[in-house]
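What follows is a single structure, written as structure tokens, with notes after it.
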Amino acid sequence: MTRQMTGAKMIVQALIDQGVDTVFGYPGGAVLPIYDEVFQQNSIKHILVRHEQGAVHAAEGYARSTGKPGVALVTSGPGATNAVTGLTDALMDSIPIIVLTGQVPTFMIGSDAFQEADTVGITRPCTKHNWLVKETDQLAETLHTAFHVATNGRPGPVLIDIPKDVQFATGTYTDKKSLKSHYKPQVKGDIDAITKLAEMIESAERPVFYTGGGVINSGPHASQLLRELVAATNFPITSTLMGLGCYPASGENWLGMLGMHGLYEANMAMHDCDLMINIGARFDDRITGLVDKFSPDSKKVHIDIDASSINKVIHVDVPILGDVGHVLEDLLKIWKSRGRKTNASALKNWWGQINEWRAINCLSYKQEGKVIKPQHALSRLEALTKGKDRYITTEVGQHQMWAAQYLGFEDPNRWMTSGGLGTMGYGFPASIGVQLAHPDACVINVAGEASWLMNMQELGTATQYNLPVKQFILNNERLGMVRQWQELLHGERYSQSWSEALPDFVKLADAFGAKGILCSDPDDLDDAIMEMLNHDGPVLFDCLVEKHENCFPMIPSGKPHNEMLLGEESTKGAITGAGQTFV
């Protein structure tokens with residue numbers, strides 16, 4: 001169906017046709033025609049953020065927690081450049097978002113006009129694809145194509161740059177049913193390769209499933225198939241930071257997260273396995289550590305929707321290009337048809353070895369005295385929110401790793417964090433996006449005080465819309481991960497790793513109209529957390545924790561998976577320094 005309308009109206013109509021219910025944005029001169037159309041409709045809720053970076057992170061949180069694309073609307077020039085960090089973050093973590101940017105009129109492009117920037121050029125390296133639309137008649141097709149590209153294949157961010165005169169002009173609108181896209185990623189895996197994997201499953205002596213965000217991106221069905229496969233084979237399973245929740249943390253086969261701050265048993269299993277089945281992960285450097293010594297004796301299989309990710313970092317023996325859900329479905333059918341066989345006796349011995357590694361209890365810590373250990377704070381948060389309809393976002397740093405270690409995720413889409421880019425300031429606006437997508441849920445952003453301050457202005461957004469997001473700040477008055485690396489790797493020279501001018505977070509919350517809570521005594525912690533959870537509006541929780549606590553386990557730079565630093569409470573290894581064990 002075709003209709004005549006202005007470009008600005010086309011944009012709003014396309015969003016409605018695509019099922020968009022929420023847009024995060026910040027107005028400016030180059031997008032005022034679009035905002036005028038937003039004002040005249042009631043189908044889409046617009047959320048006024050306080051910074052364009054916040055708009056994109058909020059769209060990421062919305063997308064990650066729903067599986068639907070998030071949408072951000074910003075103006076030209078600085079509006080677009082402020083969105084670059086969020087775009088790059090979404091590209092690294094494969095998050096489907098659509099960013100709409102205003103641009104100066106077409107006849108002014110290239111004249112250094114007010115608030116002009118080469119948005120397409122600037123964002124080309126940090127988007128899956130981008131467009132500059134110079135003809136109003138091309139706008140509708142471009143909008144529908146953008147949603148298709150963002151959500152198919154390996155998900156990612158796309159951007160449409162729309163000059164102001166294109167927004168004012170009238171053109172022909174075509175609905176999404178008329179879209180004929182040439183972008184058709186391969187979703188079915190090669191049957192011969194999948195059959196080869198089934199054969200390897202039958203004979204493996206020390207197998208491990210290594211899963212990532214691709215399982216979650218494939219949809220709930222993929223997570224269910226993965227759980228069925230793990231239960232049927234009785235193979236151990238671990239995950240990257242982005243894959244947490246694709247298999248339940250309470251599952252018997254769960255080894256915990258792997259990688260630089262992964263669990264001892266997960267990293268040891270990855271190092272000693274003879275069959276590694278990578279499902280929807282990309283062999284990130286935080287996972288592989290020293291590439292030359294990564295899982296040296298294993299056959300490696302890689303299932304991924306993105307051909308460019310296969311053999312990019314680690315050469316694999318069996319590459320399988322396809323969507324995780326489709327491949328797992330075919331794998332289960334083929335393996336079952338062959339008799340559901342595994343090497344049971346070898347697998348029993350493998351589990352015996354894994355249980356020895358588990359006995360080391362690498363996450364053990366000792367809470368004593370009147371200073372709150374950050375691990376204790378998160379353990380109590382886990383205990384007091386377990387069973388709730390809970391979504392967790394994080395900022396980036398030590399608190400992020402502790403959250404991944406001590407909070408358990410039973411389902412996909414419940415854990416939103418910045419993995420590949422490691423973006424400080426991500427978690428707060430992401431929690432706003434999650435809360436808007438799930439208004440009745442318990443949404444908690446686990447933060448460090450330094451990261452939280454990077455987008456603290458979004459407290460205005462939370463209070464304006466009365467969003468009951470909980471900001472759980474582990475305040476060690478330090479740039480914790482920077483300080484840890486300076487202690488362990490730079491001779492304890494603490495260069496610029498703490499601020500001497502932190503705000504009073506309770507007063508800051510009050511100034512924005514939110515609730516502030518301060519807790520510094522472990523004896524008061526449970527009551528303070530419950531006060532936070534029971535408040536029906538936004539809360540800023542300032543939890544004062546041990547200033548110099550280190551995050552373990554940790555694989556030191558340049559070391560393989562089987563050489564880890566552990567906390568002093570772990571039960572194996574020789575003490576090599578204050579508060580750490582080397583194994």
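Going through the structure tokens in order, the chains are called A, B, and so on, while each chain numbers its residues from 1 and the ligands are numbered from 1 in the order shown.
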Counting only C-alpha atoms, what are the residues of region 61-100 of chain A within 9 Å of region 436-440 of chain A, and for each of them which pair of atoms is the nearest and at what distance in Å, to one decimal? Sort the table by chain and rising number, as JSON lines.
```
{"residue": "A:Gly61", "atom": "CA", "partner": "A:Ala437", "partner_atom": "CA", "distance": 8.7}
{"residue": "A:Tyr62", "atom": "CA", "partner": "A:Ala437", "partner_atom": "CA", "distance": 5.8}
{"residue": "A:Ala63", "atom": "CA", "partner": "A:Ala437", "partner_atom": "CA", "distance": 8.7}
{"residue": "A:Ser65", "atom": "CA", "partner": "A:Ala437", "partner_atom": "CA", "distance": 7.6}
{"residue": "A:Thr66", "atom": "CA", "partner": "A:Ala437", "partner_atom": "CA", "distance": 7.1}
```
Contact table region 72-149 of chain A vs region 194-215 of chain A, cut-off 12 Å, shortest pair per residue, only C-alpha atoms, as JSON lines:
```
{"residue": "A:Met92", "atom": "CA", "partner": "A:Gly213", "partner_atom": "CA", "distance": 11.0}
{"residue": "A:Asp93", "atom": "CA", "partner": "A:Gly213", "partner_atom": "CA", "distance": 7.8}
{"residue": "A:Ser94", "atom": "CA", "partner": "A:Gly213", "partner_atom": "CA", "distance": 8.0}
{"residue": "A:Ile95", "atom": "CA", "partner": "A:Gly213", "partner_atom": "CA", "distance": 9.6}
```
Selected residues, all heavy atoms, written as a JSON list (two decimals), in the first residue's frame, please.
```json
[["chain", "number", "residue", "atom", "x", "y", "z"],
["A", 92, "MET", "N", 29.87, -4.07, 18.96],
["A", 92, "MET", "CA", 30.73, -5.07, 19.59],
["A", 92, "MET", "C", 29.93, -6.20, 20.23],
["A", 92, "MET", "O", 30.34, -7.35, 20.22],
["A", 92, "MET", "CB", 31.60, -4.39, 20.65],
["A", 92, "MET", "CG", 32.63, -3.43, 20.11],
["A", 92, "MET", "SD", 34.03, -4.25, 19.33],
["A", 92, "MET", "CE", 35.00, -4.71, 20.77],
["A", 93, "ASP", "N", 28.76, -5.85, 20.78],
["A", 93, "ASP", "CA", 27.97, -6.85, 21.51],
["A", 93, "ASP", "C", 26.77, -7.37, 20.71],
["A", 93, "ASP", "O", 25.94, -8.09, 21.25],
["A", 93, "ASP", "CB", 27.49, -6.26, 22.84],
["A", 93, "ASP", "CG", 28.61, -6.14, 23.85],
["A", 93, "ASP", "OD1", 29.67, -6.75, 23.64],
["A", 93, "ASP", "OD2", 28.44, -5.42, 24.86],
["A", 94, "SER", "N", 26.69, -7.02, 19.45],
["A", 94, "SER", "CA", 25.64, -7.55, 18.55],
["A", 94, "SER", "C", 24.24, -7.24, 19.07],
["A", 94, "SER", "O", 23.40, -8.13, 19.22],
["A", 94, "SER", "CB", 25.81, -9.06, 18.35],
["A", 94, "SER", "OG", 27.10, -9.38, 17.91],
["A", 95, "ILE", "N", 23.98, -5.96, 19.33],
["A", 95, "ILE", "CA", 22.68, -5.52, 19.84],
["A", 95, "ILE", "C", 21.93, -4.80, 18.72],
["A", 95, "ILE", "O", 22.45, -3.84, 18.14],
["A", 95, "ILE", "CB", 22.84, -4.57, 21.05],
["A", 95, "ILE", "CG1", 23.78, -5.19, 22.09],
["A", 95, "ILE", "CG2", 21.48, -4.24, 21.66],
["A", 95, "ILE", "CD1", 23.34, -6.52, 22.63]]
```
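Residues within 8 Å of Gly245 (chain A), counting only C-alpha atoms and excluding same-chain residues fewer than 4 positions away, are Ala249, Gly408, Phe409, Glu410, Asp411, Pro412, Asn413, Arg414 and Trp415 of chain A.
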Near Gln224 (chain A), counting only C-alpha atoms, which residues have an atom at most 12 Å away, once you skip same-chain residues fewer than 4 positions from it, shown as a ChimeraX atom specification?
/A:215-216,218-220,228-231,245-248,324-325,328-329,332,410-412
What gap, in Å, lies between CA of Gln4 (chain A) and CA of Glu37 (chain A)?
15.0 Å
When DSSP is applied to the backbone of this structure, which of region 85-159 of chain A are assigned strand (DSSP E or B)? Write them out as a PyMOL selection string.
chain A and resi 97-103+129-132+157-159
Selected residues written out, N, CA and C atoms, as a compact mmCIF listing (two decimals), in the first residue's frame:
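Once written, out-v2.txt looks like this:
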```
# COMPACT_ATOMS: atom_id res chain seq x y z
N ILE A 97 19.85 -2.17 17.23
CA ILE A 97 19.25 -0.85 17.48
C ILE A 97 19.22 -0.06 16.18
N ILE A 98 18.25 0.85 16.10
CA ILE A 98 18.12 1.76 14.97
C ILE A 98 18.28 3.17 15.50
N VAL A 99 19.26 3.88 15.00
CA VAL A 99 19.50 5.27 15.41
C VAL A 99 19.15 6.18 14.24
N LEU A 100 18.22 7.09 14.48
CA LEU A 100 17.80 8.07 13.49
C LEU A 100 18.45 9.40 13.83
N THR A 101 19.17 9.98 12.87
CA THR A 101 19.84 11.25 13.10
C THR A 101 19.33 12.29 12.12
N GLY A 102 19.20 13.52 12.60
CA GLY A 102 18.90 14.63 11.71
C GLY A 102 20.16 15.08 10.99
N GLN A 103 19.97 15.72 9.86
CA GLN A 103 21.10 16.27 9.11
C GLN A 103 20.67 17.62 8.53
N HIS A 129 25.37 -1.16 9.21
CA HIS A 129 25.17 -0.46 7.95
C HIS A 129 24.58 0.91 8.25
N ASN A 130 24.80 1.87 7.38
CA ASN A 130 24.18 3.20 7.57
C ASN A 130 23.78 3.79 6.22
N TRP A 131 22.91 4.77 6.29
CA TRP A 131 22.36 5.38 5.08
C TRP A 131 22.25 6.90 5.26
N LEU A 132 22.48 7.65 4.19
CA LEU A 132 22.11 9.06 4.08
C LEU A 132 21.00 9.14 3.04
N PRO A 157 23.82 -2.51 15.27
CA PRO A 157 23.25 -1.16 15.14
C PRO A 157 23.26 -0.69 13.69
N VAL A 158 22.22 0.02 13.31
CA VAL A 158 22.18 0.69 12.01
C VAL A 158 21.82 2.15 12.25
N LEU A 159 22.13 2.99 11.28
CA LEU A 159 21.87 4.42 11.42
C LEU A 159 21.33 4.97 10.11
```
When DSSP is applied to the backbone of this structure, which of region 49-214 of chain A are assigned helix (DSSP H, G or I)? Write them out as a PyMOL selection string.
chain A and resi 52-66+78-82+84-93+106-108+119-126+136-151+164-168+176-178+191-203+213-214
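For Pro553 (chain A), the non-local neighbours within 7 Å, defined as residues at least 6 positions apart in the same chain or in other chains and counting only C-alpha atoms, are A:His261, A:Gly262, A:Leu263, A:Tyr264, A:Cys362, A:Met564, A:Leu565, A:Leu566, A:Gly567.
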Prev. selection, all heavy atoms, output as a tab-separated table (two decimals), in the first residue's frame:
```tsv
chain	number	residue	atom	x	y	z
A	261	HIS	N	38.20	-13.20	34.27
A	261	HIS	CA	37.72	-13.26	35.64
A	261	HIS	C	36.69	-14.38	35.80
A	261	HIS	O	35.78	-14.30	36.62
A	261	HIS	CB	37.13	-11.91	36.05
A	261	HIS	CG	38.17	-10.84	36.20
A	261	HIS	ND1	39.04	-10.79	37.26
A	261	HIS	CD2	38.50	-9.80	35.39
A	261	HIS	CE1	39.86	-9.76	37.11
A	261	HIS	NE2	39.55	-9.14	35.99
A	262	GLY	N	36.85	-15.42	34.98
A	262	GLY	CA	35.96	-16.56	35.05
A	262	GLY	C	36.31	-17.49	36.20
A	262	GLY	O	37.33	-17.34	36.88
A	263	LEU	N	35.47	-18.49	36.40
A	263	LEU	CA	35.67	-19.43	37.49
A	263	LEU	C	36.80	-20.41	37.17
A	263	LEU	O	37.04	-20.74	36.01
A	263	LEU	CB	34.38	-20.20	37.79
A	263	LEU	CG	33.43	-19.52	38.80
A	263	LEU	CD1	32.95	-18.18	38.30
A	263	LEU	CD2	32.27	-20.43	39.15
A	264	TYR	N	37.43	-20.87	38.24
A	264	TYR	CA	38.57	-21.78	38.11
A	264	TYR	C	38.19	-23.03	37.32
A	264	TYR	O	38.88	-23.44	36.37
A	264	TYR	CB	39.06	-22.15	39.51
A	264	TYR	CG	40.25	-23.08	39.54
A	264	TYR	CD1	41.52	-22.62	39.18
A	264	TYR	CD2	40.12	-24.41	39.94
A	264	TYR	CE1	42.62	-23.46	39.22
A	264	TYR	CE2	41.22	-25.26	39.98
A	264	TYR	CZ	42.47	-24.78	39.62
A	264	TYR	OH	43.55	-25.61	39.65
A	362	CYS	N	36.65	-21.20	44.19
A	362	CYS	CA	37.42	-20.02	43.79
A	362	CYS	C	36.73	-18.70	44.11
A	362	CYS	O	37.37	-17.65	44.06
A	362	CYS	CB	37.75	-20.09	42.31
A	362	CYS	SG	36.29	-19.96	41.23
A	564	MET	N	46.15	-19.14	37.02
A	564	MET	CA	45.23	-18.12	37.51
A	564	MET	C	45.64	-17.59	38.87
A	564	MET	O	46.23	-18.33	39.67
A	564	MET	CB	43.81	-18.70	37.62
A	564	MET	CG	43.02	-18.70	36.35
A	564	MET	SD	41.54	-19.73	36.51
A	564	MET	CE	42.23	-21.34	36.15
A	565	LEU	N	45.31	-16.35	39.13
A	565	LEU	CA	45.40	-15.80	40.47
A	565	LEU	C	44.06	-16.02	41.15
A	565	LEU	O	43.01	-15.70	40.59
A	565	LEU	CB	45.71	-14.30	40.43
A	565	LEU	CG	47.05	-13.87	39.83
A	565	LEU	CD1	47.13	-12.36	39.76
A	565	LEU	CD2	48.20	-14.44	40.63
A	566	LEU	N	44.09	-16.57	42.36
A	566	LEU	CA	42.87	-16.81	43.13
A	566	LEU	C	42.92	-16.01	44.43
A	566	LEU	O	43.99	-15.63	44.91
A	566	LEU	CB	42.72	-18.30	43.47
A	566	LEU	CG	42.65	-19.28	42.29
A	566	LEU	CD1	42.45	-20.69	42.82
A	566	LEU	CD2	41.53	-18.91	41.34
A	567	GLY	N	41.76	-15.80	45.02
A	567	GLY	CA	41.70	-15.12	46.30
A	567	GLY	C	42.31	-15.97	47.40
A	567	GLY	O	42.37	-17.20	47.31
```
Rows by chain and residue number, region 379-439 of chain A within 12 Å of region 278-285 of chain A, shortest pair, only C-alpha atoms, as JSON lines:
```
{"residue": "A:Gly419", "atom": "CA", "partner": "A:Asp284", "partner_atom": "CA", "distance": 9.7}
{"residue": "A:Gly420", "atom": "CA", "partner": "A:Asp284", "partner_atom": "CA", "distance": 8.0}
{"residue": "A:Leu421", "atom": "CA", "partner": "A:Asp284", "partner_atom": "CA", "distance": 11.2}
```
Those residues you just picked out, can you put them in a file as a compact mmCIF listing (two decimals), in the first residue's frame with all heavy atoms?
```txt
# COMPACT_ATOMS: atom_id res chain seq x y z
N GLY A 419 30.06 -5.69 27.09
CA GLY A 419 31.11 -6.69 27.04
C GLY A 419 32.30 -6.28 26.21
O GLY A 419 33.37 -6.00 26.71
N GLY A 420 32.11 -6.21 24.89
CA GLY A 420 33.24 -5.99 24.00
C GLY A 420 33.89 -4.63 24.13
O GLY A 420 35.12 -4.51 24.11
N LEU A 421 33.09 -3.57 24.26
CA LEU A 421 33.66 -2.22 24.33
C LEU A 421 34.01 -1.82 25.76
O LEU A 421 34.87 -0.98 25.97
CB LEU A 421 32.69 -1.21 23.73
CG LEU A 421 33.26 0.17 23.42
CD1 LEU A 421 34.38 0.09 22.39
CD2 LEU A 421 32.18 1.13 22.93
```
